[in-house]
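Everything on this sheet refers to the single structure shown next.
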Amino acid sequence: MTMETKQTLIEQLQQIGQWEKDQKGLWIWDRAARLPFAILDKLTPSFIQRKIGSLLDELGYYIQSGGKYLTRQDSILKKLERNAEIPVHSIEDVKKLPISVMDETAFSIQKSHAGAATVQGAATGIGGIFTLAVDIPATLAISLKMLQEIAVAYGYDPNEREERIFIIKCLQFSSSDIVGKRAILKEIANYADRGSSKEMISQMQGWREVVLSYREQYSLKKVFRLVPVVGIVFGALSNRSMIEELSDTAIMLYKKRRILEKLAETESDIRL
């Protein structure tokens, strides 16, 4: 296992900086393209409206306790151990691993959950609009499980409430417009210097934005699922795309945090 140099870490940080710049520079029509679905949303059956609305409660419950969404860390630690070829028994062990090992593990997590989301989207596409009520909580569960596993891959513990807030921030970022992305990047720029729980919770007003993005996504799915075969294909592709975009976001944001912490440790060692 080869440890990275300070220069390598700085170069990777610059690549993440370019990714952030690309995210903040998305074309304005990316948001404008969603506007027609605000109209379609009004035509969505009430039982689906209620299901989507319940996501807000689910996200709040996840922040407070993790509940049914908490994932086991053992399997991820074993993946890290195989990739690093040294024993990895805890989150503390993960923090000492090279970024390359963390990346390899995170991308395998992405691939696994993108596959599961594809199958899920195709299966619920068979039943047309009425199976959307099943797809909504299933997609949320896949998203939260994947984000937690990526957190562990970079040495962060989702059993900690503060980390669950960061996970929801990743969800929020992937569904935000340009202004929203800029604000979130600013909020999490110095996440290691976390304030009080009250201050962190005050940042979570973006929950509603996450829920609204689900409403837009499922309004679009509704249209395509009116045609059975097209609904299956679109359900599979849209779910896969959503999970891949979300995992890309999480990998970049967690990787940035880990690199900054490694660089801070390097500076501390030099001073000593």
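A note on labels: chains of the structure tokens are A, B, ... as shown, every chain counts residues from 1, and ligands are counted from 1 in their shown order.
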Open item on the list: Just want the 12 Å neighbourhood of Gly17 in chain A, counted on only C-alpha atoms, with same-chain residues fewer than 3 positions away dropped. Output as number ranges by chain.
Closed with: A: 10-14, 20-24, 185, 189, 252-253, 255-256
Expected file contents, prior selection, C-alpha atoms, as an mmCIF file, in the first residue's frame:
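Output saved as result.cif:
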data_model
loop_
_atom_site.group_PDB
_atom_site.id
_atom_site.type_symbol
_atom_site.label_atom_id
_atom_site.label_comp_id
_atom_site.auth_asym_id
_atom_site.auth_seq_id
_atom_site.Cartn_x
_atom_site.Cartn_y
_atom_site.Cartn_z
ATOM 1 C CA ILE A 10 -3.063 19.047 -3.392
ATOM 2 C CA GLU A 11 -3.483 17.942 -7.019
ATOM 3 C CA GLN A 12 -6.576 15.902 -6.124
ATOM 4 C CA LEU A 13 -7.955 18.863 -4.198
ATOM 5 C CA GLN A 14 -7.526 21.027 -7.299
ATOM 6 C CA GLU A 20 -17.183 22.377 -7.787
ATOM 7 C CA LYS A 21 -16.676 25.182 -10.289
ATOM 8 C CA ASP A 22 -18.430 23.102 -12.959
ATOM 9 C CA GLN A 23 -21.348 22.472 -10.589
ATOM 10 C CA LYS A 24 -21.743 26.169 -9.817
ATOM 11 C CA LEU A 185 -20.633 24.435 -0.817
ATOM 12 C CA ALA A 189 -16.538 24.410 3.356
ATOM 13 C CA MET A 252 -16.394 14.479 -4.207
ATOM 14 C CA LEU A 253 -17.625 16.125 -0.999
ATOM 15 C CA LYS A 255 -13.067 13.106 -0.539
ATOM 16 C CA LYS A 256 -12.523 16.859 -0.169
#
- [ ] Mind checking which residues fall within 10 Å of Tyr62 in chain A, counting only C-alpha atoms, ignoring those fewer than 6 positions away in the same chain, and posting them as number ranges by chain?
- [x] A: 56, 68-70, 144, 161, 164-165, 168
What does the file look like for those residues with all heavy atoms, as an mmCIF file, in the first residue's frame?
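Result file is out-v1.cif:
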data_model
loop_
_atom_site.group_PDB
_atom_site.id
_atom_site.type_symbol
_atom_site.label_atom_id
_atom_site.label_comp_id
_atom_site.auth_asym_id
_atom_site.auth_seq_id
_atom_site.Cartn_x
_atom_site.Cartn_y
_atom_site.Cartn_z
ATOM 1 N N LEU A 56 -40.340 14.176 3.873
ATOM 2 C CA LEU A 56 -39.843 15.201 4.786
ATOM 3 C C LEU A 56 -39.749 14.640 6.199
ATOM 4 O O LEU A 56 -38.753 14.838 6.898
ATOM 5 C CB LEU A 56 -40.773 16.416 4.753
ATOM 6 C CG LEU A 56 -40.274 17.679 5.461
ATOM 7 C CD1 LEU A 56 -38.992 18.175 4.818
ATOM 8 C CD2 LEU A 56 -41.332 18.763 5.426
ATOM 9 N N LYS A 68 -34.408 2.999 10.920
ATOM 10 C CA LYS A 68 -34.321 1.840 10.028
ATOM 11 C C LYS A 68 -33.336 2.053 8.886
ATOM 12 O O LYS A 68 -32.997 1.100 8.187
ATOM 13 C CB LYS A 68 -35.701 1.522 9.463
ATOM 14 C CG LYS A 68 -36.260 2.628 8.561
ATOM 15 C CD LYS A 68 -37.654 2.269 8.064
ATOM 16 C CE LYS A 68 -38.217 3.353 7.151
ATOM 17 N NZ LYS A 68 -39.568 3.035 6.661
ATOM 18 N N TYR A 69 -32.884 3.297 8.698
ATOM 19 C CA TYR A 69 -32.000 3.575 7.573
ATOM 20 C C TYR A 69 -30.520 3.380 7.889
ATOM 21 O O TYR A 69 -29.682 3.400 6.995
ATOM 22 C CB TYR A 69 -32.216 5.010 7.069
ATOM 23 C CG TYR A 69 -33.580 5.214 6.456
ATOM 24 C CD1 TYR A 69 -34.552 5.970 7.104
ATOM 25 C CD2 TYR A 69 -33.908 4.647 5.230
ATOM 26 C CE1 TYR A 69 -35.813 6.152 6.546
ATOM 27 C CE2 TYR A 69 -35.159 4.827 4.659
ATOM 28 C CZ TYR A 69 -36.107 5.575 5.325
ATOM 29 O OH TYR A 69 -37.348 5.753 4.769
ATOM 30 N N LEU A 70 -30.171 3.250 9.161
ATOM 31 C CA LEU A 70 -28.761 3.052 9.508
ATOM 32 C C LEU A 70 -28.246 1.760 8.892
ATOM 33 O O LEU A 70 -28.932 0.743 8.865
ATOM 34 C CB LEU A 70 -28.580 3.008 11.034
ATOM 35 C CG LEU A 70 -28.515 4.359 11.748
ATOM 36 C CD1 LEU A 70 -28.372 4.159 13.248
ATOM 37 C CD2 LEU A 70 -27.378 5.222 11.220
ATOM 38 N N LEU A 144 -29.982 6.681 0.908
ATOM 39 C CA LEU A 144 -29.411 6.855 2.248
ATOM 40 C C LEU A 144 -28.412 5.763 2.585
ATOM 41 O O LEU A 144 -27.364 6.027 3.194
ATOM 42 C CB LEU A 144 -30.524 6.902 3.300
ATOM 43 C CG LEU A 144 -31.408 8.150 3.280
ATOM 44 C CD1 LEU A 144 -32.517 8.046 4.311
ATOM 45 C CD2 LEU A 144 -30.582 9.417 3.523
ATOM 46 N N ARG A 161 -24.717 11.971 14.625
ATOM 47 C CA ARG A 161 -25.804 12.808 14.106
ATOM 48 C C ARG A 161 -25.283 13.870 13.128
ATOM 49 O O ARG A 161 -25.914 14.153 12.103
ATOM 50 C CB ARG A 161 -26.515 13.478 15.283
ATOM 51 C CG ARG A 161 -27.754 14.291 14.916
ATOM 52 C CD ARG A 161 -28.564 14.514 16.184
ATOM 53 N NE ARG A 161 -29.673 15.407 15.961
ATOM 54 C CZ ARG A 161 -29.646 16.704 16.266
ATOM 55 N NH1 ARG A 161 -28.549 17.234 16.760
ATOM 56 N NH2 ARG A 161 -30.711 17.455 16.065
ATOM 57 N N ARG A 164 -24.904 12.475 9.751
ATOM 58 C CA ARG A 164 -26.182 12.269 9.067
ATOM 59 C C ARG A 164 -26.679 13.589 8.468
ATOM 60 O O ARG A 164 -27.306 13.603 7.410
ATOM 61 C CB ARG A 164 -27.210 11.662 10.019
ATOM 62 C CG ARG A 164 -26.855 10.246 10.459
ATOM 63 C CD ARG A 164 -28.051 9.499 11.002
ATOM 64 N NE ARG A 164 -28.560 10.044 12.238
ATOM 65 C CZ ARG A 164 -28.123 9.719 13.454
ATOM 66 N NH1 ARG A 164 -27.128 8.848 13.581
ATOM 67 N NH2 ARG A 164 -28.655 10.247 14.536
ATOM 68 N N ILE A 165 -26.371 14.702 9.129
ATOM 69 C CA ILE A 165 -26.721 16.005 8.564
ATOM 70 C C ILE A 165 -25.932 16.238 7.275
ATOM 71 O O ILE A 165 -26.472 16.720 6.276
ATOM 72 C CB ILE A 165 -26.433 17.141 9.584
ATOM 73 C CG1 ILE A 165 -27.410 17.045 10.758
ATOM 74 C CG2 ILE A 165 -26.543 18.511 8.914
ATOM 75 C CD1 ILE A 165 -27.150 18.038 11.866
ATOM 76 N N ILE A 168 -27.499 14.361 4.434
ATOM 77 C CA ILE A 168 -28.668 15.046 3.877
ATOM 78 C C ILE A 168 -28.225 16.240 3.033
ATOM 79 O O ILE A 168 -28.851 16.573 2.020
ATOM 80 C CB ILE A 168 -29.626 15.503 4.992
ATOM 81 C CG1 ILE A 168 -30.127 14.299 5.785
ATOM 82 C CG2 ILE A 168 -30.823 16.253 4.393
ATOM 83 C CD1 ILE A 168 -30.868 13.264 4.971
#
TODO: Find the spatial neighbours of Ala151 in chain A, counting only C-alpha atoms, within a cut-off of 9 Å - ignore same-chain residues fewer than 2 positions away - and output them as a PyMOL selection string.
DONE: chain A and resi 106+146-149+153-158+163+167+250-251+254
Take the residues that were just selected and, keeping N, CA, C and O atoms, output them as a PDB file, in the first residue's frame.
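Saved to result_9.pdb:
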ATOM      1  N   ALA A 106     -15.272   3.413  -2.686  1.00  0.00           N
ATOM      2  CA  ALA A 106     -16.451   4.249  -2.940  1.00  0.00           C
ATOM      3  C   ALA A 106     -17.046   3.984  -4.316  1.00  0.00           C
ATOM      4  O   ALA A 106     -18.274   3.911  -4.475  1.00  0.00           O
ATOM      5  N   MET A 146     -26.548   4.057   0.464  1.00  0.00           N
ATOM      6  CA  MET A 146     -25.354   4.304  -0.336  1.00  0.00           C
ATOM      7  C   MET A 146     -24.524   5.448   0.243  1.00  0.00           C
ATOM      8  O   MET A 146     -23.295   5.341   0.368  1.00  0.00           O
ATOM      9  N   LEU A 147     -25.175   6.536   0.610  1.00  0.00           N
ATOM     10  CA  LEU A 147     -24.462   7.690   1.152  1.00  0.00           C
ATOM     11  C   LEU A 147     -23.745   7.340   2.450  1.00  0.00           C
ATOM     12  O   LEU A 147     -22.619   7.787   2.700  1.00  0.00           O
ATOM     13  N   GLN A 148     -24.381   6.528   3.287  1.00  0.00           N
ATOM     14  CA  GLN A 148     -23.735   6.115   4.530  1.00  0.00           C
ATOM     15  C   GLN A 148     -22.506   5.253   4.259  1.00  0.00           C
ATOM     16  O   GLN A 148     -21.474   5.385   4.918  1.00  0.00           O
ATOM     17  N   GLU A 149     -22.618   4.365   3.288  1.00  0.00           N
ATOM     18  CA  GLU A 149     -21.492   3.490   2.963  1.00  0.00           C
ATOM     19  C   GLU A 149     -20.326   4.290   2.385  1.00  0.00           C
ATOM     20  O   GLU A 149     -19.162   4.007   2.683  1.00  0.00           O
ATOM     21  N   ALA A 153     -16.499   4.738   3.787  1.00  0.00           N
ATOM     22  CA  ALA A 153     -15.349   4.521   2.900  1.00  0.00           C
ATOM     23  C   ALA A 153     -14.306   5.620   3.031  1.00  0.00           C
ATOM     24  O   ALA A 153     -13.112   5.380   2.809  1.00  0.00           O
ATOM     25  N   TYR A 154     -14.741   6.822   3.416  1.00  0.00           N
ATOM     26  CA  TYR A 154     -13.800   7.932   3.591  1.00  0.00           C
ATOM     27  C   TYR A 154     -13.496   8.218   5.062  1.00  0.00           C
ATOM     28  O   TYR A 154     -12.885   9.246   5.387  1.00  0.00           O
ATOM     29  N   GLY A 155     -13.934   7.309   5.938  1.00  0.00           N
ATOM     30  CA  GLY A 155     -13.568   7.427   7.350  1.00  0.00           C
ATOM     31  C   GLY A 155     -14.477   8.283   8.194  1.00  0.00           C
ATOM     32  O   GLY A 155     -14.036   8.875   9.188  1.00  0.00           O
ATOM     33  N   TYR A 156     -15.761   8.349   7.835  1.00  0.00           N
ATOM     34  CA  TYR A 156     -16.725   9.114   8.617  1.00  0.00           C
ATOM     35  C   TYR A 156     -17.847   8.196   9.100  1.00  0.00           C
ATOM     36  O   TYR A 156     -18.286   7.313   8.356  1.00  0.00           O
ATOM     37  N   ASP A 157     -18.297   8.423  10.316  1.00  0.00           N
ATOM     38  CA  ASP A 157     -19.238   7.510  10.969  1.00  0.00           C
ATOM     39  C   ASP A 157     -20.673   8.042  10.925  1.00  0.00           C
ATOM     40  O   ASP A 157     -21.001   9.008  11.630  1.00  0.00           O
ATOM     41  N   PRO A 158     -21.561   7.431  10.121  1.00  0.00           N
ATOM     42  CA  PRO A 158     -22.952   7.890  10.035  1.00  0.00           C
ATOM     43  C   PRO A 158     -23.766   7.635  11.298  1.00  0.00           C
ATOM     44  O   PRO A 158     -24.918   8.059  11.385  1.00  0.00           O
ATOM     45  N   GLU A 163     -22.842  13.651  11.126  1.00  0.00           N
ATOM     46  CA  GLU A 163     -22.563  13.043   9.825  1.00  0.00           C
ATOM     47  C   GLU A 163     -23.840  12.766   9.048  1.00  0.00           C
ATOM     48  O   GLU A 163     -23.856  12.826   7.818  1.00  0.00           O
ATOM     49  N   ILE A 167     -24.857  13.974   5.284  1.00  0.00           N
ATOM     50  CA  ILE A 167     -25.440  13.079   4.275  1.00  0.00           C
ATOM     51  C   ILE A 167     -26.664  13.728   3.626  1.00  0.00           C
ATOM     52  O   ILE A 167     -26.827  13.674   2.401  1.00  0.00           O
ATOM     53  N   ALA A 250     -21.477  12.767  -3.441  1.00  0.00           N
ATOM     54  CA  ALA A 250     -20.994  12.324  -2.131  1.00  0.00           C
ATOM     55  C   ALA A 250     -19.502  12.014  -2.163  1.00  0.00           C
ATOM     56  O   ALA A 250     -18.756  12.378  -1.241  1.00  0.00           O
ATOM     57  N   ILE A 251     -19.042  11.340  -3.214  1.00  0.00           N
ATOM     58  CA  ILE A 251     -17.626  10.991  -3.328  1.00  0.00           C
ATOM     59  C   ILE A 251     -16.771  12.256  -3.344  1.00  0.00           C
ATOM     60  O   ILE A 251     -15.756  12.344  -2.640  1.00  0.00           O
ATOM     61  N   TYR A 254     -17.060  14.116   0.262  1.00  0.00           N
ATOM     62  CA  TYR A 254     -16.360  13.387   1.324  1.00  0.00           C
ATOM     63  C   TYR A 254     -14.860  13.339   1.068  1.00  0.00           C
ATOM     64  O   TYR A 254     -14.045  13.451   1.988  1.00  0.00           O
TER      65      TYR A 254
END
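With only C-alpha atoms as the atoms that count, the minimum distance from Val119 in chain A to the choices A:Asp135, A:Glu4, A:Glu162, A:Asp93 is reached by A:Asp135.
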Task: Nearest residue to Val88 in chain A from the set A:Phe107, A:Ala264, A:Lys6, A:Val152 (distances using only C-alpha atoms) - done: A:Val152
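With CA of Asn83 in chain A on one side and CA of Glu244 in chain A on the other, the separation reads 21.6 Å.
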Task: Polymer residues at most 7 Å from Ala122 in chain A, only C-alpha atoms, same-chain spacing of 4 or more positions, as a ChimeraX atom specification - done: /A:118,126,232-233,235-236
Please save N, CA, C and O atoms of the selected residues as an mmCIF file, in the first residue's frame.
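Resulting contents of again.cif:
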data_model
loop_
_atom_site.group_PDB
_atom_site.id
_atom_site.type_symbol
_atom_site.label_atom_id
_atom_site.label_comp_id
_atom_site.auth_asym_id
_atom_site.auth_seq_id
_atom_site.Cartn_x
_atom_site.Cartn_y
_atom_site.Cartn_z
ATOM 1 N N THR A 118 -31.313 0.468 -10.705
ATOM 2 C CA THR A 118 -31.771 0.171 -12.064
ATOM 3 C C THR A 118 -32.845 -0.920 -12.039
ATOM 4 O O THR A 118 -33.896 -0.794 -12.680
ATOM 5 N N ILE A 126 -43.089 -1.463 -14.335
ATOM 6 C CA ILE A 126 -44.040 -2.410 -14.914
ATOM 7 C C ILE A 126 -45.477 -2.040 -14.568
ATOM 8 O O ILE A 126 -46.378 -2.125 -15.392
ATOM 9 N N ILE A 232 -40.966 1.077 -18.141
ATOM 10 C CA ILE A 232 -39.955 0.162 -17.587
ATOM 11 C C ILE A 232 -38.550 0.683 -17.891
ATOM 12 O O ILE A 232 -37.690 0.771 -17.013
ATOM 13 N N VAL A 233 -38.330 1.042 -19.144
ATOM 14 C CA VAL A 233 -37.009 1.530 -19.570
ATOM 15 C C VAL A 233 -36.670 2.846 -18.878
ATOM 16 O O VAL A 233 -35.578 3.017 -18.329
ATOM 17 N N GLY A 235 -37.973 4.101 -16.136
ATOM 18 C CA GLY A 235 -37.835 3.903 -14.694
ATOM 19 C C GLY A 235 -36.446 3.420 -14.331
ATOM 20 O O GLY A 235 -35.829 3.888 -13.374
ATOM 21 N N ALA A 236 -35.934 2.465 -15.120
ATOM 22 C CA ALA A 236 -34.599 1.915 -14.871
ATOM 23 C C ALA A 236 -33.523 2.974 -15.079
ATOM 24 O O ALA A 236 -32.637 3.165 -14.232
#
